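So this block is entry.tsv, TSV, C-alpha atoms:
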chain	number	residue	atom	x	y	z
A	1	MET	CA	12.30	-11.44	-33.88
A	2	ALA	CA	9.15	-9.33	-33.66
A	3	VAL	CA	9.69	-8.59	-29.98
A	4	ALA	CA	13.14	-7.13	-30.63
A	5	ALA	CA	11.69	-4.71	-33.20
A	6	VAL	CA	9.37	-3.03	-30.72
A	7	LEU	CA	11.93	-2.77	-27.93
A	8	PRO	CA	13.66	0.61	-27.73
A	9	SER	CA	17.40	0.73	-28.29
A	10	THR	CA	19.59	0.67	-25.18
A	11	ALA	CA	20.35	4.39	-25.50
A	12	ALA	CA	16.66	5.32	-25.74
A	13	ALA	CA	15.84	3.08	-22.80
A	14	GLN	CA	18.43	4.89	-20.67
A	15	VAL	CA	16.90	8.27	-21.54
A	16	THR	CA	13.41	7.18	-20.52
A	17	ARG	CA	14.52	5.55	-17.25
A	18	THR	CA	13.10	7.41	-14.30
A	19	GLN	CA	15.54	9.04	-11.91
A	20	PRO	CA	16.02	7.28	-8.60
A	21	ASN	CA	14.91	9.14	-5.51
A	22	ASN	CA	17.33	9.64	-2.66
A	23	MET	CA	15.93	6.84	-0.53
A	24	PRO	CA	17.68	7.62	2.79
A	25	ASP	CA	16.24	11.16	2.64
A	26	VAL	CA	12.78	9.98	1.65
A	27	ILE	CA	12.67	7.40	4.43
A	28	ARG	CA	14.09	9.78	7.04
A	29	LYS	CA	11.45	12.34	6.15
A	30	ARG	CA	8.72	9.80	6.94
A	31	VAL	CA	10.14	7.90	9.92
A	32	GLY	CA	12.60	10.36	11.47
A	33	GLY	CA	16.26	9.94	12.22
A	34	ALA	CA	16.14	6.66	14.15
A	35	GLN	CA	18.36	3.80	13.09
A	36	ILE	CA	16.68	1.30	10.79
A	37	ASN	CA	17.69	-2.34	11.22
A	38	ARG	CA	17.38	-5.08	8.64
A	39	GLY	CA	15.15	-8.01	9.46
A	40	ARG	CA	11.83	-8.86	11.13
A	41	VAL	CA	10.01	-7.44	8.09
A	42	LYS	CA	9.13	-9.62	5.12
A	43	LEU	CA	8.23	-7.86	1.90
A	44	GLY	CA	6.35	-9.94	-0.65
A	45	LEU	CA	6.43	-8.88	-4.29
A	46	PRO	CA	6.75	-10.82	-7.53
A	47	PRO	CA	10.41	-10.66	-8.68
A	48	LEU	CA	9.30	-10.12	-12.27
A	49	VAL	CA	6.30	-7.89	-12.96
A	50	GLU	CA	4.72	-7.84	-16.39
A	51	ASN	CA	2.36	-4.95	-15.69
A	52	GLY	CA	3.52	-2.16	-13.40
A	53	HIS	CA	-0.04	-0.89	-13.02
A	54	LEU	CA	-1.06	-3.73	-10.76
A	55	VAL	CA	1.58	-5.28	-8.55
A	56	PRO	CA	0.45	-7.36	-5.56
A	57	LEU	CA	2.32	-6.40	-2.40
A	58	THR	CA	2.33	-8.01	1.03
A	59	VAL	CA	4.22	-6.96	4.14
A	60	SER	CA	4.42	-9.06	7.27
A	61	VAL	CA	6.30	-8.21	10.42
A	62	GLU	CA	7.36	-10.60	13.17
A	63	SER	CA	5.66	-9.23	16.26
A	64	PRO	CA	3.55	-10.65	19.09
A	65	MET	CA	1.12	-7.74	18.53
A	66	THR	CA	0.39	-7.27	22.22
A	67	ALA	CA	-0.27	-3.97	23.97
A	68	ALA	CA	3.33	-4.02	25.20
A	69	SER	CA	4.96	-4.97	21.91
A	70	HIS	CA	3.31	-4.32	18.57
A	71	VAL	CA	3.83	-2.81	15.15
A	72	LYS	CA	2.69	0.80	15.04
A	73	ALA	CA	3.21	1.51	11.36
A	74	ILE	CA	4.38	-0.01	8.10
A	75	HIS	CA	5.62	2.30	5.35
A	76	VAL	CA	6.38	1.26	1.77
A	77	PHE	CA	8.65	3.21	-0.59
A	78	ALA	CA	9.51	2.73	-4.27
A	79	GLU	CA	12.88	4.11	-5.33
A	80	ARG	CA	12.14	4.98	-8.95
A	81	ASN	CA	8.50	6.00	-8.79
A	82	PRO	CA	7.89	9.72	-9.45
A	83	LEU	CA	6.63	9.90	-5.87
A	84	PRO	CA	8.59	7.42	-3.76
A	85	GLU	CA	5.98	7.08	-1.02
A	86	VAL	CA	3.58	4.25	-1.76
A	87	VAL	CA	1.48	3.54	1.31
A	88	SER	CA	1.56	3.81	5.11
A	89	PHE	CA	-0.42	1.41	7.29
A	90	TYR	CA	-1.07	2.27	10.93
A	91	LEU	CA	-1.82	-0.75	13.10
A	92	GLY	CA	-2.14	-1.54	16.78
A	93	PRO	CA	-2.48	-4.50	19.13
A	94	ARG	CA	-6.05	-5.00	17.89
A	95	ALA	CA	-4.68	-6.18	14.56
A	96	GLY	CA	-3.59	-9.50	16.08
A	97	ARG	CA	-1.09	-10.04	13.32
A	98	ALA	CA	1.07	-7.57	11.41
A	99	ASN	CA	0.19	-8.75	7.92
A	100	VAL	CA	-1.04	-6.31	5.32
A	101	ALA	CA	-1.57	-6.51	1.58
A	102	THR	CA	-2.45	-4.14	-1.24
A	103	ARG	CA	-1.77	-3.59	-4.93
A	104	ILE	CA	0.66	-0.96	-6.08
A	105	ARG	CA	2.01	0.75	-9.20
A	106	LEU	CA	5.67	0.62	-10.19
A	107	ALA	CA	7.05	3.05	-12.75
A	108	ASP	CA	10.26	1.18	-13.46
A	109	THR	CA	12.52	-1.72	-12.55
A	110	GLN	CA	13.56	-0.74	-9.05
A	111	ASN	CA	14.03	-1.44	-5.37
A	112	VAL	CA	11.01	-1.41	-3.09
A	113	VAL	CA	11.54	-0.86	0.64
A	114	ALA	CA	9.23	-1.59	3.57
A	115	VAL	CA	9.93	-0.03	6.97
A	116	ALA	CA	8.10	-1.06	10.14
A	117	GLU	CA	7.89	1.07	13.26
A	118	LEU	CA	7.52	-0.93	16.47
A	119	SER	CA	5.99	0.19	19.75
A	120	ASP	CA	9.42	0.03	21.43
A	121	GLY	CA	10.61	2.76	19.07
A	122	SER	CA	12.78	0.53	16.88
A	123	PHE	CA	12.58	0.44	13.09
A	124	TRP	CA	13.03	-2.62	10.89
A	125	SER	CA	13.10	-2.93	7.13
A	126	ASP	CA	13.24	-5.21	4.15
A	127	SER	CA	13.88	-4.36	0.52
A	128	MET	CA	13.42	-6.15	-2.74
A	129	HIS	CA	14.47	-5.62	-6.33
A	130	VAL	CA	11.60	-5.88	-8.80
A	131	ILE	CA	11.94	-6.08	-12.58
A	132	VAL	CA	9.08	-4.31	-14.36
A	133	THR	CA	8.48	-4.92	-18.06
A	134	LEU	CA	5.51	-2.56	-18.59
A	135	ALA	CA	5.90	0.57	-16.50
A	136	ALA	CA	3.04	2.46	-14.89
A	137	CYS	CA	2.63	6.26	-14.98
A	138	LEU	CA	4.34	7.14	-18.24
A	139	GLU	CA	1.65	6.43	-20.80
A	140	GLU	CA	-0.83	8.80	-22.41
A	141	LEU	CA	-4.48	8.59	-21.57
B	1	MET	CA	-21.74	6.36	-4.45
B	2	ALA	CA	-18.73	4.32	-5.11
B	3	THR	CA	-18.96	0.56	-5.17
B	4	ALA	CA	-17.04	-1.16	-2.43
B	5	ARG	CA	-16.53	-4.83	-1.71
B	6	ILE	CA	-15.82	-5.97	1.82
B	7	GLU	CA	-14.85	-9.41	2.99
B	8	VAL	CA	-15.34	-10.06	6.70
B	9	PRO	CA	-16.20	-13.49	8.10
B	10	ALA	CA	-19.81	-13.48	9.29
B	11	THR	CA	-18.95	-15.49	12.37
B	12	ALA	CA	-15.75	-16.04	14.31
B	13	GLN	CA	-14.54	-17.56	17.57
B	14	ARG	CA	-13.71	-15.15	20.36
B	15	GLY	CA	-10.02	-14.27	20.13
B	16	GLU	CA	-9.66	-15.57	16.59
B	17	ILE	CA	-7.55	-13.49	14.21
B	18	VAL	CA	-9.69	-12.76	11.16
B	19	THR	CA	-8.52	-11.41	7.83
B	20	ILE	CA	-10.39	-8.44	6.41
B	21	ARG	CA	-10.27	-7.41	2.80
B	22	ALA	CA	-11.68	-4.21	1.36
B	23	MET	CA	-11.73	-2.98	-2.20
B	24	ILE	CA	-13.36	0.11	-3.69
B	25	ALA	CA	-13.98	1.20	-7.27
B	26	HIS	CA	-11.82	4.27	-7.90
B	27	ALA	CA	-9.57	5.29	-10.81
B	28	MET	CA	-6.73	6.52	-8.52
B	29	GLU	CA	-5.67	9.01	-11.21
B	30	THR	CA	-2.01	9.70	-10.46
B	31	GLY	CA	-1.71	13.24	-11.82
B	32	PHE	CA	1.29	12.17	-13.92
B	33	ARG	CA	-0.63	11.16	-17.00
B	34	ARG	CA	-1.38	13.37	-19.99
B	35	THR	CA	-4.05	13.15	-22.66
B	36	HIS	CA	-2.97	12.63	-26.28
B	37	LEU	CA	-3.06	16.45	-26.61
B	38	GLY	CA	-0.50	16.80	-23.84
B	39	VAL	CA	-2.91	18.18	-21.25
B	40	PRO	CA	-2.05	16.88	-17.77
B	41	VAL	CA	-4.81	14.86	-16.13
B	42	PRO	CA	-5.29	16.22	-12.60
B	43	ARG	CA	-4.66	13.97	-9.62
B	44	ASP	CA	-7.74	12.32	-8.17
B	45	ILE	CA	-6.96	9.67	-5.58
B	46	ILE	CA	-8.21	8.22	-2.32
B	47	THR	CA	-5.81	9.42	0.35
B	48	LEU	CA	-7.11	7.84	3.54
B	49	PHE	CA	-8.71	4.57	4.60
B	50	VAL	CA	-9.85	3.93	8.15
B	51	CYS	CA	-11.44	0.79	9.58
B	52	THR	CA	-13.12	0.82	12.98
B	53	TYR	CA	-14.45	-2.14	14.98
B	54	ASN	CA	-17.29	-1.08	17.28
B	55	GLY	CA	-15.93	2.44	17.15
B	56	VAL	CA	-12.28	1.53	17.87
B	57	GLU	CA	-9.83	2.13	15.07
B	58	ILE	CA	-8.07	-1.09	14.04
B	59	CYS	CA	-6.38	-0.07	10.81
B	60	ARG	CA	-5.60	3.15	9.00
B	61	ALA	CA	-3.88	3.46	5.65
B	62	VAL	CA	-2.53	6.58	3.99
B	63	LEU	CA	-2.57	6.05	0.25
B	64	HIS	CA	-0.43	7.74	-2.39
B	65	PRO	CA	-0.74	7.77	-6.21
B	66	ALA	CA	1.37	4.60	-6.32
B	67	ILE	CA	-1.65	2.58	-5.16
B	68	ALA	CA	-3.21	0.79	-8.11
B	69	ALA	CA	-6.68	1.66	-9.40
B	70	ASN	CA	-9.54	0.20	-7.35
B	71	PRO	CA	-7.57	0.17	-4.11
B	72	TYR	CA	-7.46	-3.20	-2.40
B	73	LEU	CA	-6.38	-3.45	1.22
B	74	SER	CA	-6.06	-6.52	3.37
B	75	PHE	CA	-5.31	-6.61	7.09
B	76	SER	CA	-6.39	-8.54	10.16
B	77	THR	CA	-8.03	-8.04	13.52
B	78	ILE	CA	-8.82	-10.02	16.65
B	79	ALA	CA	-12.50	-10.93	16.87
B	80	THR	CA	-13.25	-9.59	20.34
B	81	GLU	CA	-17.01	-9.08	20.37
B	82	SER	CA	-20.02	-9.16	18.09
B	83	GLY	CA	-20.50	-5.88	16.34
B	84	THR	CA	-19.88	-3.81	13.28
B	85	LEU	CA	-16.82	-2.96	11.29
B	86	VAL	CA	-17.06	0.38	9.54
B	87	PHE	CA	-14.86	1.14	6.55
B	88	HIS	CA	-14.31	4.72	5.50
B	89	TRP	CA	-12.44	6.04	2.48
B	90	SER	CA	-11.78	9.69	1.75
B	91	GLY	CA	-9.79	11.49	-0.89
B	92	ASP	CA	-9.39	14.23	-3.45
B	93	ASN	CA	-12.30	16.32	-4.72
B	94	GLY	CA	-14.32	15.62	-1.59
B	95	PHE	CA	-14.52	11.88	-2.18
B	96	THR	CA	-15.93	9.90	0.72
B	97	ALA	CA	-17.41	6.43	0.97
B	98	THR	CA	-18.50	4.36	3.94
B	99	GLU	CA	-19.34	0.68	4.17
B	100	SER	CA	-20.02	-1.57	7.10
B	101	ALA	CA	-20.07	-5.26	7.85
B	102	ALA	CA	-21.38	-7.20	10.83
B	103	ILE	CA	-19.44	-9.88	12.65
B	104	THR	CA	-20.94	-12.34	15.15
B	105	ILE	CA	-18.89	-14.07	17.79
B	106	ALA	CA	-19.91	-17.70	18.07
Take the structure I supplied and represent it as structure tokens, if you would.
Amino acid sequence: MAVAAVLPSTAAAQVTRTQPNNMPDVIRKRVGGAQINRGRVKLGLPPLVENGHLVPLTVSVESPMTAASHVKAIHVFAERNPLPEVVSFYLGPRAGRANVATRIRLADTQNVVAVAELSDGSFWSDSMHVIVTLAACLEEL
Amino acid sequence: MATARIEVPATAQRGEIVTIRAMIAHAMETGFRRTHLGVPVPRDIITLFVCTYNGVEICRAVLHPAIAANPYLSFSTIATESGTLVFHWSGDNGFTATESAAITIA
């Protein structure tokens, strides 16, 4: 099959795989030492990405978005990107709804994590495994 | 001047949550790429996006090289009063761009 001919051997593929970042450290550096709970955050990414240069990303957080209870920040991290930090959104009660979207780059098949910081000081997260067939970042110009 | 595209509803009901979308033409050069001669291509990205609604900040985004070229951002706000939304991008090599859009409360 023609496709098989252009695919690197398993050994070569392992050599070119990017190294995973230490995600607990990366996340702690951004959000501090508070405990991060699972839930309330919904990360939206395609499970299979053909082109790592342009990956649609959505994050929504369950929150009434009132002055008393709202999402202060949403941070996104990619485990196997050369720089694990992807984007940080800072919102407030004026947002009305904690839904954000952007387009990101993924350098490899990896886990993507979203962490939301709420006004009551709690942190919530969601993560997702994404398979990337064409990686971003590694090509020549 | 960079080209930016903004999508804000021209009119809205008071208290309605409106979706705002902003995109700007920018290569978002990561700094990890090399030319075919092996020379690293220096990083050149937009690092900060701020949206204000009649002077009040409603959304701020800190961008990293992992944001795709021509950064697209979507978020929402409560339509509180007629006025102007101002969008401001800034980044490496002194890059700045500002756009604005008017919204009328019906």
- Near Glu79 of chain A, within 8 Å and counting all atoms listed in the file, which residues show up once chain neighbours fewer than 5 positions away are dropped, as a list in words?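 Final neighbour list, sorted by chain and number: Pro20, Asn21, Asn22, Met23, Pro84, Gln110, Asn111, Val112 and Val113 of chain A.
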Expected file: the selected residues, C-alpha atoms, as a tab-separated table (two decimals), in the coordinates of the input:
chain	number	residue	atom	x	y	z
A	20	PRO	CA	16.02	7.28	-8.60
A	21	ASN	CA	14.91	9.14	-5.51
A	22	ASN	CA	17.33	9.64	-2.66
A	23	MET	CA	15.93	6.84	-0.53
A	84	PRO	CA	8.59	7.42	-3.76
A	110	GLN	CA	13.56	-0.74	-9.05
A	111	ASN	CA	14.03	-1.44	-5.37
A	112	VAL	CA	11.01	-1.41	-3.09
A	113	VAL	CA	11.54	-0.86	0.64
- Task: Quick one: pull the distance between atom CA of Val86 of chain A and atom CA of Pro65 of chain B, Å, one decimal.
- Result: 7.1 Å
With all atoms listed in the file counted and 8 Å as the cut-off, give the residues of chain B in contact with chain A, each with its shortest interatomic distance in Å and the pair that gives it, as CSV.
residue,atom,partner,partner_atom,distance
B:Ile17,CA,A:Gly96,CA,5.9
B:Thr30,CA,A:Cys137,CA,7.3
B:Phe32,CA,A:Cys137,CA,6.2
B:Arg33,CA,A:Glu140,CA,5.9
B:Arg34,CA,A:Glu140,CA,5.2
B:Thr35,CA,A:Leu141,CA,4.7
B:His36,CA,A:Glu140,CA,5.9
B:Ile58,CA,A:Arg94,CA,5.8
B:Cys59,CA,A:Leu91,CA,5.1
B:Arg60,CA,A:Tyr90,CA,5.0
B:Ala61,CA,A:Phe89,CA,4.3
B:Val62,CA,A:Ser88,CA,5.1
B:Leu63,CA,A:Val87,CA,4.9
B:His64,CA,A:Val86,CA,5.4
B:Pro65,CA,A:Val86,CA,7.1
B:Ala66,CA,A:Arg105,CA,4.9
B:Ile67,CA,A:Ile104,CA,4.3
B:Ala68,CA,A:Ile104,CA,4.7
B:Ala69,CA,A:Leu54,CA,7.9
B:Pro71,CA,A:Arg103,CA,7.0
B:Tyr72,CA,A:Thr102,CA,5.2
B:Leu73,CA,A:Thr102,CA,4.7
B:Ser74,CA,A:Ala101,CA,4.8
B:Phe75,CA,A:Val100,CA,4.6
B:Ser76,CA,A:Ala95,CA,5.3
B:Thr77,CA,A:Ala95,CA,4.0
B:Ile78,CA,A:Gly96,CA,5.3
Taking C-alpha atoms for each residue, export the selection above as a short mmCIF file (atom, residue, chain, number, x, y, z; two decimals), keeping the file's coordinate frame.
data_model
loop_
_atom_site.label_atom_id
_atom_site.label_comp_id
_atom_site.auth_asym_id
_atom_site.auth_seq_id
_atom_site.Cartn_x
_atom_site.Cartn_y
_atom_site.Cartn_z
CA ILE B 17 -7.55 -13.49 14.21
CA THR B 30 -2.01 9.70 -10.46
CA PHE B 32 1.29 12.17 -13.92
CA ARG B 33 -0.63 11.16 -17.00
CA ARG B 34 -1.38 13.37 -19.99
CA THR B 35 -4.05 13.15 -22.66
CA HIS B 36 -2.97 12.63 -26.28
CA ILE B 58 -8.07 -1.09 14.04
CA CYS B 59 -6.38 -0.07 10.81
CA ARG B 60 -5.60 3.15 9.00
CA ALA B 61 -3.88 3.46 5.65
CA VAL B 62 -2.53 6.58 3.99
CA LEU B 63 -2.57 6.05 0.25
CA HIS B 64 -0.43 7.74 -2.39
CA PRO B 65 -0.74 7.77 -6.21
CA ALA B 66 1.37 4.60 -6.32
CA ILE B 67 -1.65 2.58 -5.16
CA ALA B 68 -3.21 0.79 -8.11
CA ALA B 69 -6.68 1.66 -9.40
CA PRO B 71 -7.57 0.17 -4.11
CA TYR B 72 -7.46 -3.20 -2.40
CA LEU B 73 -6.38 -3.45 1.22
CA SER B 74 -6.06 -6.52 3.37
CA PHE B 75 -5.31 -6.61 7.09
CA SER B 76 -6.39 -8.54 10.16
CA THR B 77 -8.03 -8.04 13.52
CA ILE B 78 -8.82 -10.02 16.65
#
- Pairwise distance for atom CA of Ser69 of chain A and atom CA of Val56 of chain B, rounded to one decimal in Å: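 About the pair atom CA of Ser69 of chain A and atom CA of Val56 of chain B: they are 18.9 Å apart.
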- Mind checking which residues fall within 7 Å of Glu117 of chain A, counting only C-alpha atoms, ignoring those fewer than 5 positions away in the same chain, and posting them as a PyMOL selection string? chain A and resi 71-74+122-124
- Which protein, DNA or RNA residues have an atom at most 8 Å from (15.4, 4.0, 14.1), counting all atoms listed in the file? List them as a list in words. Val31, Gly32, Gly33, Ala34, Gln35, Ile36, Asn37, Gly121, Ser122, Phe123 and Trp124 of chain A
- Two-atom distance - atom CA of Phe87 of chain B, atom CA of Glu16 of chain B (Å):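 Those two atoms sit 20.2 Å apart.
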- Shortest contact to Arg40 of chain A, candidates A:Ser119, A:Ser127, A:Ser63, A:Gln19, atoms counted all atoms listed in the file, goes to A:Ser63
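With all atoms listed in the file as the basis for measurement, B:Val86 is the residue among B:Val86, B:Ala2, B:Leu37, B:Ile103 that approaches Thr52 of chain B most closely.
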- For segment 4-14 of chain B, please output as a PyMOL selection string all residues within 10 Å (counting only C-alpha atoms; exclusion window: fewer than 4 positions along the same chain). chain B and resi 18-26+70-74+76+78-82+85+87+89+97-106
Listed atoms of segment 35-52 of chain B, axis-aligned box, 5 Å per side: centre and edge lengths to one decimal in Å, as lines of an AutoDock Vina configuration file?
center_x = -6.8
center_y = 9.5
center_z = -6.8
size_x = 22.6
size_y = 27.4
size_z = 49.6
- Find, counting all atoms listed in the file, the residue in A:Gly44, A:Arg38, A:Arg30, A:His70 that gets nearest to Asp120 of chain A.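 Of all the options, A:His70 lies closest to Asp120 of chain A.
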- Kindly indicate which residue among A:Ile27, A:Leu45, A:Leu134, A:Met65 lies nearest to Val115 of chain A, using all atoms listed in the file for the distances. A:Ile27
